[in-house]
Each structure stands twice: as C-alpha cells, then as structure tokens.
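A.B. asks: Pasting my_file04.cif here (mmCIF, C-alpha atoms):
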data_entry
#
loop_
_atom_site.group_PDB
_atom_site.id
_atom_site.type_symbol
_atom_site.label_atom_id
_atom_site.label_comp_id
_atom_site.auth_asym_id
_atom_site.auth_seq_id
_atom_site.Cartn_x
_atom_site.Cartn_y
_atom_site.Cartn_z
ATOM 1 C CA MET S 1 0.000 0.000 0.000
ATOM 2 C CA GLU S 2 1.054 3.484 -0.721
ATOM 3 C CA SER S 3 1.302 5.897 2.087
ATOM 4 C CA LYS S 4 0.290 9.477 1.240
ATOM 5 C CA SER S 5 1.161 12.320 3.499
ATOM 6 C CA MET S 6 -1.926 14.169 4.617
ATOM 7 C CA ASN S 7 -2.120 17.851 5.371
ATOM 8 C CA ARG S 8 -4.215 19.284 8.181
ATOM 9 C CA ASN S 9 -7.212 19.820 5.884
ATOM 10 C CA GLY S 10 -7.396 16.139 5.039
ATOM 11 C CA GLY S 11 -6.063 16.487 1.502
ATOM 12 C CA ASN S 12 -2.782 15.195 0.216
ATOM 13 C CA GLU S 13 0.260 17.470 -0.050
ATOM 14 C CA LEU S 14 0.497 17.251 -3.815
ATOM 15 C CA GLY S 15 -3.099 18.389 -4.307
ATOM 16 C CA GLY S 16 -2.538 21.376 -2.001
ATOM 17 C CA LYS S 17 0.500 22.479 -3.990
ATOM 18 C CA GLU S 18 -1.447 22.213 -7.233
ATOM 19 C CA VAL S 19 -4.206 24.414 -5.835
ATOM 20 C CA LYS S 20 -1.667 26.987 -4.634
ATOM 21 C CA VAL S 21 0.015 27.075 -8.044
ATOM 22 C CA ALA S 22 -3.356 27.396 -9.780
ATOM 23 C CA ASN S 23 -4.366 30.232 -7.439
ATOM 24 C CA LYS S 24 -1.044 32.035 -8.081
ATOM 25 C CA ARG S 25 -1.566 31.716 -11.836
ATOM 26 C CA ARG S 26 -5.134 32.995 -11.579
ATOM 27 C CA ILE S 27 -4.112 35.972 -9.430
ATOM 28 C CA GLY S 28 -1.126 36.648 -11.713
ATOM 29 C CA ALA S 29 -3.316 36.544 -14.817
ATOM 30 C CA CYS S 30 -5.931 38.728 -13.169
ATOM 31 C CA GLU S 31 -3.253 41.213 -12.117
ATOM 32 C CA SER S 32 -1.861 41.316 -15.660
ATOM 33 C CA VAL S 33 -5.320 41.907 -17.123
ATOM 34 C CA LEU S 34 -6.005 44.695 -14.612
ATOM 35 C CA ARG S 35 -2.662 46.357 -15.393
ATOM 36 C CA ILE S 36 -3.364 46.189 -19.132
ATOM 37 C CA LEU S 37 -6.838 47.589 -18.485
ATOM 38 C CA ALA S 38 -5.410 50.418 -16.354
ATOM 39 C CA LEU S 39 -2.858 51.170 -19.079
ATOM 40 C CA VAL S 40 -5.484 51.322 -21.844
ATOM 41 C CA LEU S 41 -7.984 53.331 -19.803
ATOM 42 C CA THR S 42 -5.527 55.948 -18.549
ATOM 43 C CA LEU S 43 -3.993 56.307 -22.018
ATOM 44 C CA SER S 44 -7.457 56.720 -23.516
ATOM 45 C CA ALA S 45 -8.462 59.320 -20.926
ATOM 46 C CA ALA S 46 -5.295 61.352 -21.510
ATOM 47 C CA VAL S 47 -5.763 61.248 -25.290
ATOM 48 C CA ILE S 48 -9.516 61.992 -25.188
ATOM 49 C CA LEU S 49 -8.998 65.150 -23.142
ATOM 50 C CA GLY S 50 -5.635 65.967 -24.722
ATOM 51 C CA VAL S 51 -7.192 66.430 -28.164
ATOM 52 C CA ASP S 52 -10.299 68.193 -26.829
ATOM 53 C CA LYS S 53 -10.913 71.624 -28.312
ATOM 54 C CA GLN S 54 -13.832 73.508 -29.796
ATOM 55 C CA ASN S 55 -14.131 76.832 -31.619
ATOM 56 C CA LYS S 56 -17.308 78.915 -31.656
ATOM 57 C CA VAL S 57 -18.425 82.371 -32.723
ATOM 58 C CA VAL S 58 -20.220 83.987 -29.788
ATOM 59 C CA PRO S 59 -22.241 87.225 -29.927
ATOM 60 C CA VAL S 60 -21.038 89.749 -27.324
ATOM 61 C CA GLN S 61 -23.167 92.736 -26.328
ATOM 62 C CA VAL S 62 -20.878 95.686 -25.595
ATOM 63 C CA LEU S 63 -23.539 98.376 -25.224
ATOM 64 C CA GLU S 64 -27.281 98.025 -25.202
ATOM 65 C CA THR S 65 -27.636 100.569 -28.008
ATOM 66 C CA LEU S 66 -25.195 98.778 -30.319
ATOM 67 C CA PRO S 67 -25.767 95.441 -32.062
ATOM 68 C CA PRO S 68 -23.867 92.432 -30.676
ATOM 69 C CA ILE S 69 -20.376 91.774 -31.985
ATOM 70 C CA SER S 70 -19.526 88.252 -33.148
ATOM 71 C CA VAL S 71 -16.327 87.143 -31.434
ATOM 72 C CA PRO S 72 -14.550 83.864 -32.203
ATOM 73 C CA VAL S 73 -13.663 82.000 -28.985
ATOM 74 C CA SER S 74 -12.128 78.623 -28.366
ATOM 75 C CA ALA S 75 -12.124 76.105 -25.546
ATOM 76 C CA LYS S 76 -8.983 74.007 -25.140
ATOM 77 C CA TRP S 77 -8.007 71.593 -22.397
ATOM 78 C CA HIS S 78 -4.787 73.428 -21.520
ATOM 79 C CA TYR S 79 -6.668 76.648 -20.668
ATOM 80 C CA LEU S 80 -7.734 75.073 -17.365
ATOM 81 C CA SER S 81 -5.107 73.962 -14.854
ATOM 82 C CA ALA S 82 -7.360 71.175 -13.517
ATOM 83 C CA PHE S 83 -7.536 69.664 -17.003
ATOM 84 C CA VAL S 84 -3.755 69.951 -17.385
ATOM 85 C CA TYR S 85 -3.377 68.125 -14.064
ATOM 86 C CA PHE S 86 -5.865 65.494 -15.286
ATOM 87 C CA VAL S 87 -3.984 64.828 -18.536
ATOM 88 C CA VAL S 88 -0.575 64.718 -16.825
ATOM 89 C CA ALA S 89 -1.834 62.443 -14.023
ATOM 90 C CA ASN S 90 -3.348 60.014 -16.536
ATOM 91 C CA ALA S 91 -0.153 60.051 -18.611
ATOM 92 C CA ILE S 92 1.929 59.287 -15.497
ATOM 93 C CA ALA S 93 -0.439 56.462 -14.469
ATOM 94 C CA CYS S 94 -0.327 55.049 -18.008
ATOM 95 C CA LEU S 95 3.476 55.088 -18.046
ATOM 96 C CA TYR S 96 3.602 53.458 -14.624
ATOM 97 C CA ALA S 97 1.091 50.780 -15.671
ATOM 98 C CA ALA S 98 3.268 49.924 -18.686
ATOM 99 C CA LEU S 99 6.480 49.815 -16.637
ATOM 100 C CA SER S 100 4.934 47.775 -13.817
ATOM 101 C CA LEU S 101 3.447 45.332 -16.322
ATOM 102 C CA VAL S 102 6.859 44.775 -17.919
ATOM 103 C CA PHE S 103 8.485 44.501 -14.481
ATOM 104 C CA LEU S 104 5.939 42.004 -13.184
ATOM 105 C CA LEU S 105 6.107 39.888 -16.329
ATOM 106 C CA ALA S 106 9.905 39.766 -16.007
ATOM 107 C CA ASN S 107 9.744 39.047 -12.270
ATOM 108 C CA ARG S 108 6.831 36.638 -11.799
ATOM 109 C CA GLU S 109 7.483 36.045 -8.131
ATOM 110 C CA GLY S 110 6.850 39.610 -6.931
ATOM 111 C CA LYS S 111 8.314 38.667 -3.553
ATOM 112 C CA GLY S 112 10.038 40.796 -1.006
ATOM 113 C CA ILE S 113 10.682 44.474 -1.341
ATOM 114 C CA THR S 114 9.952 44.671 -5.089
ATOM 115 C CA GLY S 115 6.378 43.426 -4.656
ATOM 116 C CA LEU S 116 5.861 45.865 -1.797
ATOM 117 C CA VAL S 117 7.190 48.787 -3.867
ATOM 118 C CA VAL S 118 4.787 47.931 -6.704
ATOM 119 C CA VAL S 119 1.824 47.847 -4.300
ATOM 120 C CA VAL S 120 2.822 51.161 -2.690
ATOM 121 C CA VAL S 121 3.157 52.848 -6.082
ATOM 122 C CA ASP S 122 -0.205 51.332 -7.085
ATOM 123 C CA VAL S 123 -1.717 53.143 -4.091
ATOM 124 C CA VAL S 124 -0.013 56.394 -5.127
ATOM 125 C CA MET S 125 -1.311 56.040 -8.706
ATOM 126 C CA MET S 126 -4.828 55.366 -7.474
ATOM 127 C CA ALA S 127 -4.705 58.455 -5.248
ATOM 128 C CA LEU S 128 -3.264 60.546 -8.090
ATOM 129 C CA LEU S 129 -6.021 59.447 -10.469
ATOM 130 C CA PHE S 130 -8.840 59.981 -7.995
ATOM 131 C CA SER S 131 -7.526 63.456 -7.110
ATOM 132 C CA SER S 132 -7.193 64.466 -10.767
ATOM 133 C CA ASN S 133 -10.677 63.115 -11.440
ATOM 134 C CA GLY S 134 -12.015 65.219 -8.575
ATOM 135 C CA ALA S 135 -10.312 68.356 -9.863
ATOM 136 C CA ALA S 136 -11.563 67.803 -13.423
ATOM 137 C CA ALA S 137 -15.070 66.984 -12.192
ATOM 138 C CA ALA S 138 -15.184 70.205 -10.145
ATOM 139 C CA ILE S 139 -14.300 72.266 -13.216
ATOM 140 C CA GLY S 140 -16.777 70.251 -15.271
ATOM 141 C CA VAL S 141 -19.598 71.025 -12.844
ATOM 142 C CA LEU S 142 -18.691 74.723 -12.971
ATOM 143 C CA GLY S 143 -18.748 74.614 -16.755
ATOM 144 C CA PHE S 144 -22.057 72.770 -16.773
ATOM 145 C CA LYS S 145 -23.915 74.758 -14.102
ATOM 146 C CA GLY S 146 -21.896 77.937 -13.609
ATOM 147 C CA ASN S 147 -21.784 79.765 -10.272
ATOM 148 C CA SER S 148 -24.292 82.552 -9.758
ATOM 149 C CA HIS S 149 -22.615 83.744 -6.525
ATOM 150 C CA VAL S 150 -19.506 84.928 -8.366
ATOM 151 C CA GLN S 151 -21.250 85.620 -11.699
ATOM 152 C CA TRP S 152 -19.590 82.748 -13.558
ATOM 153 C CA GLU S 153 -21.797 81.779 -16.437
ATOM 154 C CA LYS S 154 -22.147 78.198 -17.577
ATOM 155 C CA VAL S 155 -20.209 77.438 -20.735
ATOM 156 C CA CYS S 156 -21.321 73.911 -21.624
ATOM 157 C CA ASN S 157 -24.371 75.312 -23.387
ATOM 158 C CA VAL S 158 -21.944 77.008 -25.820
ATOM 159 C CA PHE S 159 -19.109 74.443 -25.900
ATOM 160 C CA ASP S 160 -21.241 71.291 -25.847
ATOM 161 C CA LYS S 161 -18.800 69.051 -27.756
ATOM 162 C CA PHE S 162 -15.914 70.142 -25.543
ATOM 163 C CA CYS S 163 -17.865 69.388 -22.359
ATOM 164 C CA ASP S 164 -19.117 66.022 -23.639
ATOM 165 C CA GLN S 165 -15.585 64.949 -24.546
ATOM 166 C CA ALA S 166 -14.266 66.081 -21.146
ATOM 167 C CA ALA S 167 -17.039 64.098 -19.409
ATOM 168 C CA ALA S 168 -16.153 60.999 -21.451
ATOM 169 C CA ALA S 169 -12.471 61.361 -20.492
ATOM 170 C CA LEU S 170 -13.483 61.688 -16.841
ATOM 171 C CA VAL S 171 -15.520 58.463 -16.926
ATOM 172 C CA VAL S 172 -12.706 56.546 -18.648
ATOM 173 C CA SER S 173 -10.157 57.830 -16.131
ATOM 174 C CA LEU S 174 -12.431 56.887 -13.256
ATOM 175 C CA LEU S 175 -12.540 53.328 -14.603
ATOM 176 C CA GLY S 176 -8.716 53.382 -14.756
ATOM 177 C CA ALA S 177 -8.574 54.481 -11.118
ATOM 178 C CA ILE S 178 -10.934 51.639 -10.208
ATOM 179 C CA ALA S 179 -8.591 49.215 -12.017
ATOM 180 C CA PHE S 180 -5.734 50.416 -9.775
ATOM 181 C CA LEU S 181 -8.041 50.027 -6.753
ATOM 182 C CA LEU S 182 -8.730 46.422 -7.756
ATOM 183 C CA LEU S 183 -4.969 45.823 -8.056
ATOM 184 C CA ILE S 184 -4.625 46.953 -4.442
ATOM 185 C CA VAL S 185 -7.491 44.656 -3.413
ATOM 186 C CA LEU S 186 -5.708 41.745 -5.137
ATOM 187 C CA ALA S 187 -2.508 42.559 -3.253
ATOM 188 C CA ALA S 188 -4.436 42.653 0.037
ATOM 189 C CA LYS S 189 -6.045 39.290 -0.804
ATOM 190 C CA ARG S 190 -2.651 37.826 -1.611
ATOM 191 C CA LEU S 191 -1.294 39.123 1.708
ATOM 192 C CA HIS S 192 -4.310 37.731 3.579
ATOM 193 C CA ASN S 193 -3.865 34.300 1.989
ATOM 194 C CA LYS S 194 -0.244 34.123 3.184
#
Please, can you express the file's structure as structure tokens?
C.D. replies:
Amino acid sequence: MESKSMNRNGGNELGGKEVKVANKRRIGACESVLRILALVLTLSAAVILGVDKQNKVVPVQVLETLPPISVPVSAKWHYLSAFVYFVVANAIACLYAALSLVFLLANREGKGITGLVVVVVDVVMMALLFSSNGAAAAIGVLGFKGNSHVQWEKVCNVFDKFCDQAAAALVVSLLGAIAFLLLIVLAAKRLHNK
C-alpha cells in the first residue's frame, strides 16, 4: 500500500500544492489583465482630453444701443489647470502601468521588497487618479452649471462638444482608477492568503 502524506485539511500534499500554483496563476493573470486595463484606460483618458478643443463664434453685447459683436472663442483643455493636471496624471499612471506590467512579467514572483514597492506605487497612482478626477469633475460642474454667486456663467451650453468629450475622459479615467483600486485589493487578498 502506498502511504500518502496528509495535510491538516485532510487532503494530500500534492493536491494542495497544485491548488496553490493554480491560485497564483489565476491571481497573476488577473493582475496582468487589470494592469493592461489600467494602461489602456488611462492612455485613452489622456488622449480623449488631450485632443479636446472647440471653436465657436459667440455674440457679445458691448452696449445696449449697439448690435452684438460676433467674437470667435475657443475652448482648449490646456486653458484650465485642472484639465492639465488630469492629462498629466493620466499620462503618469499610463506610463507606470506599462512599466509595472513589464516589471511584473519579467519578475513573476513579486516577492520581497519589489512586490511591496509595486503595491505602494499602485496606491499612489490610485490616489493621483482619484484626485485628478475630482479636480476635473469640479471644473466640469462649474462649466455645466456655472456659479451665480460669483457671476460665472455656464459654458457647456456654448461648448457642448468640448464638455461632452471632457465628461467621457473623466468616466474613462475613473474606470482606470478603479482598475488600480482592484490591483490593491488583489494585493491585500494575496497578503491575507499568506
């Protein structure tokens, strides 16, 4: 008769190792997919807002007795510092996602200090993305609704394409930030399983 060594859960040692290897592969594949998703989403958000501009001719009333003057105006993403911050933050997160993906594919183990550094920078990227999304959303709300207390008129009724494209970039970036959040959840799950 063959004698099999039993672990404390009643299963044999070989079966336990196979499950651990399968779980590592599943978590590794899931992490790779999330990093690719974060890369694509943050790149898309940076490009969507980075090419956002709209030109319009707006009538301006100088005096009540004179007819309005048609003035060409343009809306560009780099006119607003919150949008510049948004584009730069998404570009940084995209670059980091690409570098961390290459690093993790080269170093499958992710043990020790290198795995910890990747998780810490994941947290920083998530915070950076959520803060840039908040700044861009605040400017977007001002553009959409205006602020009657300081006499800021809404501009999204004039620059509708510009505002729609900025809103799309914001949603895509938010999904990228959620991908980084899920990477942190995976790291916490991996730590809990150890």
A.B. asks: Against segment 168-174 of chain S, which residues of segment 19-77 of chain S fall within 12 Å? For each one I want the closest pair of atoms and the distance in Å (one decimal), counting only C-alpha atoms, rows by chain and increasing residue number, as JSON lines.
C.D. replies:
{"residue": "S:Leu37", "atom": "CA", "partner": "S:Val172", "partner_atom": "CA", "distance": 10.7}
{"residue": "S:Ala38", "atom": "CA", "partner": "S:Ser173", "partner_atom": "CA", "distance": 8.8}
{"residue": "S:Leu39", "atom": "CA", "partner": "S:Ser173", "partner_atom": "CA", "distance": 10.3}
{"residue": "S:Val40", "atom": "CA", "partner": "S:Val172", "partner_atom": "CA", "distance": 9.5}
{"residue": "S:Leu41", "atom": "CA", "partner": "S:Val172", "partner_atom": "CA", "distance": 5.8}
{"residue": "S:Thr42", "atom": "CA", "partner": "S:Ser173", "partner_atom": "CA", "distance": 5.6}
{"residue": "S:Leu43", "atom": "CA", "partner": "S:Ser173", "partner_atom": "CA", "distance": 8.7}
{"residue": "S:Ser44", "atom": "CA", "partner": "S:Val172", "partner_atom": "CA", "distance": 7.2}
{"residue": "S:Ala45", "atom": "CA", "partner": "S:Ala169", "partner_atom": "CA", "distance": 4.5}
{"residue": "S:Ala46", "atom": "CA", "partner": "S:Ala169", "partner_atom": "CA", "distance": 7.2}
{"residue": "S:Val47", "atom": "CA", "partner": "S:Ala169", "partner_atom": "CA", "distance": 8.2}
{"residue": "S:Ile48", "atom": "CA", "partner": "S:Ala169", "partner_atom": "CA", "distance": 5.6}
{"residue": "S:Leu49", "atom": "CA", "partner": "S:Ala169", "partner_atom": "CA", "distance": 5.8}
{"residue": "S:Gly50", "atom": "CA", "partner": "S:Ala169", "partner_atom": "CA", "distance": 9.3}
{"residue": "S:Val51", "atom": "CA", "partner": "S:Ala169", "partner_atom": "CA", "distance": 10.6}
{"residue": "S:Asp52", "atom": "CA", "partner": "S:Ala169", "partner_atom": "CA", "distance": 9.6}
{"residue": "S:Trp77", "atom": "CA", "partner": "S:Ala169", "partner_atom": "CA", "distance": 11.3}
A.B. asks: With C-alpha atoms retained, export the selected residues as an mmCIF file, in the frame of the given file.
C.D. replies:
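Final output, saved to again.cif:
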data_model
loop_
_atom_site.group_PDB
_atom_site.id
_atom_site.type_symbol
_atom_site.label_atom_id
_atom_site.label_comp_id
_atom_site.auth_asym_id
_atom_site.auth_seq_id
_atom_site.Cartn_x
_atom_site.Cartn_y
_atom_site.Cartn_z
ATOM 1 C CA LEU S 37 -6.838 47.589 -18.485
ATOM 2 C CA ALA S 38 -5.410 50.418 -16.354
ATOM 3 C CA LEU S 39 -2.858 51.170 -19.079
ATOM 4 C CA VAL S 40 -5.484 51.322 -21.844
ATOM 5 C CA LEU S 41 -7.984 53.331 -19.803
ATOM 6 C CA THR S 42 -5.527 55.948 -18.549
ATOM 7 C CA LEU S 43 -3.993 56.307 -22.018
ATOM 8 C CA SER S 44 -7.457 56.720 -23.516
ATOM 9 C CA ALA S 45 -8.462 59.320 -20.926
ATOM 10 C CA ALA S 46 -5.295 61.352 -21.510
ATOM 11 C CA VAL S 47 -5.763 61.248 -25.290
ATOM 12 C CA ILE S 48 -9.516 61.992 -25.188
ATOM 13 C CA LEU S 49 -8.998 65.150 -23.142
ATOM 14 C CA GLY S 50 -5.635 65.967 -24.722
ATOM 15 C CA VAL S 51 -7.192 66.430 -28.164
ATOM 16 C CA ASP S 52 -10.299 68.193 -26.829
ATOM 17 C CA TRP S 77 -8.007 71.593 -22.397
#
A.B. asks: Just how far from atom CA of Lys56 of chain S is atom CA of Ser74 of chain S, in Å to one decimal?
C.D. replies: 6.1 Å
A.B. asks: For Phe83 of chain S, which residue out of S:Leu63, S:Ala135, S:Val155, S:Ile178 is the nearest one, using all atoms listed in the file?
C.D. replies: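 The shortest atom-to-atom distance to Phe83 of chain S comes from S:Ala135.
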A.B. asks: May I ask for the distance between atom CA of Val117 of chain S and atom CA of Ser132 of chain S, given in Å to one decimal place?
C.D. replies: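 Interatomic distance here is 22.4 Å.
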A.B. asks: Can you work out the spacing between atom CA of Val57 of chain S and atom CA of Pro72 of chain S in Å, to one decimal?
C.D. replies: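 Going from atom CA of Val57 of chain S over to atom CA of Pro72 of chain S, I get 4.2 Å.
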A.B. asks: Can you tell me, as a PyMOL selection string, what residues are no more than 10 Å from Val124 of chain S when counting all atoms listed in the file, ignoring any on the same chain fewer than 6 positions away?
C.D. replies: chain S and resi 93+118+130+180
A.B. asks: Expanded to explicit residues, what is the PyMOL selection byres ((chain S and resi 136) around 10) for this file, as a compact mmCIF listing (two decimals) with C-alpha atoms, in the frame of the given file?
C.D. replies:
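Below is the file part.txt, written as the result:
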# COMPACT_ATOMS: atom_id res chain seq x y z
CA LEU S 80 -7.73 75.07 -17.36
CA SER S 81 -5.11 73.96 -14.85
CA ALA S 82 -7.36 71.18 -13.52
CA PHE S 83 -7.54 69.66 -17.00
CA VAL S 84 -3.76 69.95 -17.39
CA TYR S 85 -3.38 68.12 -14.06
CA PHE S 86 -5.86 65.49 -15.29
CA VAL S 87 -3.98 64.83 -18.54
CA PHE S 130 -8.84 59.98 -8.00
CA SER S 131 -7.53 63.46 -7.11
CA SER S 132 -7.19 64.47 -10.77
CA ASN S 133 -10.68 63.12 -11.44
CA GLY S 134 -12.02 65.22 -8.57
CA ALA S 135 -10.31 68.36 -9.86
CA ALA S 137 -15.07 66.98 -12.19
CA ALA S 138 -15.18 70.20 -10.14
CA ILE S 139 -14.30 72.27 -13.22
CA GLY S 140 -16.78 70.25 -15.27
CA VAL S 141 -19.60 71.03 -12.84
CA LEU S 142 -18.69 74.72 -12.97
CA ALA S 166 -14.27 66.08 -21.15
CA ALA S 167 -17.04 64.10 -19.41
CA ALA S 169 -12.47 61.36 -20.49
CA LEU S 170 -13.48 61.69 -16.84
A.B. asks: Pick out the residues sitting within 7 Å of Ile184 of chain S, and hand them over as a count of residues only; count only C-alpha atoms, and ignore anything fewer than 5 positions along from it in its own chain.
C.D. replies: 3
A.B. asks: For the point (4.0, 49.1, -12.6) in the file's frame, write as a short mmCIF file (atom, residue, chain, number, x, y, z; two decimals) with C-alpha atoms, keeping the file's coordinate frame all residues with an atom no more than 10 Å away, counting all atoms listed in the file.
C.D. replies:
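Contents of the output file result29.cif:
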data_model
loop_
_atom_site.label_atom_id
_atom_site.label_comp_id
_atom_site.auth_asym_id
_atom_site.auth_seq_id
_atom_site.Cartn_x
_atom_site.Cartn_y
_atom_site.Cartn_z
CA ARG S 35 -2.66 46.36 -15.39
CA LEU S 39 -2.86 51.17 -19.08
CA ALA S 93 -0.44 56.46 -14.47
CA CYS S 94 -0.33 55.05 -18.01
CA LEU S 95 3.48 55.09 -18.05
CA TYR S 96 3.60 53.46 -14.62
CA ALA S 97 1.09 50.78 -15.67
CA ALA S 98 3.27 49.92 -18.69
CA LEU S 99 6.48 49.82 -16.64
CA SER S 100 4.93 47.78 -13.82
CA LEU S 101 3.45 45.33 -16.32
CA VAL S 102 6.86 44.78 -17.92
CA PHE S 103 8.48 44.50 -14.48
CA LEU S 104 5.94 42.00 -13.18
CA VAL S 117 7.19 48.79 -3.87
CA VAL S 118 4.79 47.93 -6.70
CA VAL S 119 1.82 47.85 -4.30
CA VAL S 121 3.16 52.85 -6.08
CA ASP S 122 -0.20 51.33 -7.08
CA MET S 125 -1.31 56.04 -8.71
#
A.B. asks: Rank nothing, just name the residue among S:Ala89, S:Leu105, S:Ala75, S:Leu175 nearest to Ala29 of chain S, using all atoms listed in the file.
C.D. replies: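 Residue with the minimum atom-to-atom distance to Ala29 of chain S: S:Leu105.
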A.B. asks: When you get a chance, write out N, CA, C and O atoms for segment 52-72 of chain S, as a PDB file, keeping the file's coordinate frame.
C.D. replies:
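That gives us selection-v8.pdb:
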ATOM      1  N   ASP S  52      -9.013  67.505 -26.965  1.00  0.00           N
ATOM      2  CA  ASP S  52     -10.299  68.193 -26.829  1.00  0.00           C
ATOM      3  C   ASP S  52     -10.150  69.689 -27.060  1.00  0.00           C
ATOM      4  O   ASP S  52      -9.415  70.376 -26.337  1.00  0.00           O
ATOM      5  N   LYS S  53     -10.842  70.184 -28.071  1.00  0.00           N
ATOM      6  CA  LYS S  53     -10.913  71.624 -28.312  1.00  0.00           C
ATOM      7  C   LYS S  53     -12.148  71.904 -29.159  1.00  0.00           C
ATOM      8  O   LYS S  53     -12.630  71.035 -29.894  1.00  0.00           O
ATOM      9  N   GLN S  54     -12.669  73.111 -29.020  1.00  0.00           N
ATOM     10  CA  GLN S  54     -13.832  73.508 -29.796  1.00  0.00           C
ATOM     11  C   GLN S  54     -13.785  75.007 -30.029  1.00  0.00           C
ATOM     12  O   GLN S  54     -13.478  75.775 -29.112  1.00  0.00           O
ATOM     13  N   ASN S  55     -14.084  75.418 -31.250  1.00  0.00           N
ATOM     14  CA  ASN S  55     -14.131  76.832 -31.619  1.00  0.00           C
ATOM     15  C   ASN S  55     -15.569  77.226 -31.901  1.00  0.00           C
ATOM     16  O   ASN S  55     -16.309  76.473 -32.528  1.00  0.00           O
ATOM     17  N   LYS S  56     -15.954  78.393 -31.440  1.00  0.00           N
ATOM     18  CA  LYS S  56     -17.308  78.915 -31.656  1.00  0.00           C
ATOM     19  C   LYS S  56     -17.234  80.414 -31.904  1.00  0.00           C
ATOM     20  O   LYS S  56     -16.289  81.082 -31.490  1.00  0.00           O
ATOM     21  N   VAL S  57     -18.251  80.928 -32.578  1.00  0.00           N
ATOM     22  CA  VAL S  57     -18.425  82.371 -32.723  1.00  0.00           C
ATOM     23  C   VAL S  57     -19.567  82.750 -31.797  1.00  0.00           C
ATOM     24  O   VAL S  57     -20.686  82.259 -31.937  1.00  0.00           O
ATOM     25  N   VAL S  58     -19.267  83.632 -30.828  1.00  0.00           N
ATOM     26  CA  VAL S  58     -20.220  83.987 -29.788  1.00  0.00           C
ATOM     27  C   VAL S  58     -20.576  85.465 -29.922  1.00  0.00           C
ATOM     28  O   VAL S  58     -19.680  86.311 -30.044  1.00  0.00           O
ATOM     29  N   PRO S  59     -21.865  85.805 -29.893  1.00  0.00           N
ATOM     30  CA  PRO S  59     -22.241  87.225 -29.927  1.00  0.00           C
ATOM     31  C   PRO S  59     -22.004  87.866 -28.557  1.00  0.00           C
ATOM     32  O   PRO S  59     -22.395  87.330 -27.527  1.00  0.00           O
ATOM     33  N   VAL S  60     -21.338  89.028 -28.560  1.00  0.00           N
ATOM     34  CA  VAL S  60     -21.038  89.749 -27.324  1.00  0.00           C
ATOM     35  C   VAL S  60     -21.696  91.127 -27.408  1.00  0.00           C
ATOM     36  O   VAL S  60     -21.481  91.873 -28.362  1.00  0.00           O
ATOM     37  N   GLN S  61     -22.478  91.447 -26.396  1.00  0.00           N
ATOM     38  CA  GLN S  61     -23.167  92.736 -26.328  1.00  0.00           C
ATOM     39  C   GLN S  61     -22.295  93.703 -25.542  1.00  0.00           C
ATOM     40  O   GLN S  61     -22.122  93.555 -24.345  1.00  0.00           O
ATOM     41  N   VAL S  62     -21.738  94.703 -26.253  1.00  0.00           N
ATOM     42  CA  VAL S  62     -20.878  95.686 -25.595  1.00  0.00           C
ATOM     43  C   VAL S  62     -21.730  96.772 -24.948  1.00  0.00           C
ATOM     44  O   VAL S  62     -21.581  97.073 -23.767  1.00  0.00           O
ATOM     45  N   LEU S  63     -22.594  97.366 -25.725  1.00  0.00           N
ATOM     46  CA  LEU S  63     -23.539  98.376 -25.224  1.00  0.00           C
ATOM     47  C   LEU S  63     -24.938  97.976 -25.651  1.00  0.00           C
ATOM     48  O   LEU S  63     -25.133  97.353 -26.690  1.00  0.00           O
ATOM     49  N   GLU S  64     -25.907  98.389 -24.873  1.00  0.00           N
ATOM     50  CA  GLU S  64     -27.281  98.025 -25.202  1.00  0.00           C
ATOM     51  C   GLU S  64     -27.746  98.694 -26.484  1.00  0.00           C
ATOM     52  O   GLU S  64     -28.623  98.177 -27.181  1.00  0.00           O
ATOM     53  N   THR S  65     -27.198  99.838 -26.822  1.00  0.00           N
ATOM     54  CA  THR S  65     -27.636 100.569 -28.008  1.00  0.00           C
ATOM     55  C   THR S  65     -26.982 100.048 -29.282  1.00  0.00           C
ATOM     56  O   THR S  65     -27.468 100.330 -30.372  1.00  0.00           O
ATOM     57  N   LEU S  66     -25.896  99.312 -29.154  1.00  0.00           N
ATOM     58  CA  LEU S  66     -25.195  98.778 -30.319  1.00  0.00           C
ATOM     59  C   LEU S  66     -25.590  97.316 -30.553  1.00  0.00           C
ATOM     60  O   LEU S  66     -25.921  96.597 -29.613  1.00  0.00           O
ATOM     61  N   PRO S  67     -25.501  96.863 -31.815  1.00  0.00           N
ATOM     62  CA  PRO S  67     -25.767  95.441 -32.062  1.00  0.00           C
ATOM     63  C   PRO S  67     -24.635  94.578 -31.499  1.00  0.00           C
ATOM     64  O   PRO S  67     -23.510  95.055 -31.318  1.00  0.00           O
ATOM     65  N   PRO S  68     -24.924  93.308 -31.224  1.00  0.00           N
ATOM     66  CA  PRO S  68     -23.867  92.432 -30.676  1.00  0.00           C
ATOM     67  C   PRO S  68     -22.747  92.214 -31.692  1.00  0.00           C
ATOM     68  O   PRO S  68     -22.966  92.198 -32.900  1.00  0.00           O
ATOM     69  N   ILE S  69     -21.561  92.032 -31.168  1.00  0.00           N
ATOM     70  CA  ILE S  69     -20.376  91.774 -31.985  1.00  0.00           C
ATOM     71  C   ILE S  69     -20.101  90.277 -31.933  1.00  0.00           C
ATOM     72  O   ILE S  69     -20.088  89.681 -30.860  1.00  0.00           O
ATOM     73  N   SER S  70     -19.861  89.679 -33.100  1.00  0.00           N
ATOM     74  CA  SER S  70     -19.526  88.252 -33.148  1.00  0.00           C
ATOM     75  C   SER S  70     -18.032  88.074 -32.901  1.00  0.00           C
ATOM     76  O   SER S  70     -17.207  88.607 -33.640  1.00  0.00           O
ATOM     77  N   VAL S  71     -17.718  87.340 -31.840  1.00  0.00           N
ATOM     78  CA  VAL S  71     -16.327  87.143 -31.434  1.00  0.00           C
ATOM     79  C   VAL S  71     -16.006  85.643 -31.496  1.00  0.00           C
ATOM     80  O   VAL S  71     -16.716  84.837 -30.896  1.00  0.00           O
ATOM     81  N   PRO S  72     -14.937  85.276 -32.218  1.00  0.00           N
ATOM     82  CA  PRO S  72     -14.550  83.864 -32.203  1.00  0.00           C
ATOM     83  C   PRO S  72     -13.840  83.514 -30.889  1.00  0.00           C
ATOM     84  O   PRO S  72     -12.925  84.219 -30.465  1.00  0.00           O
TER      85      PRO S  72
END
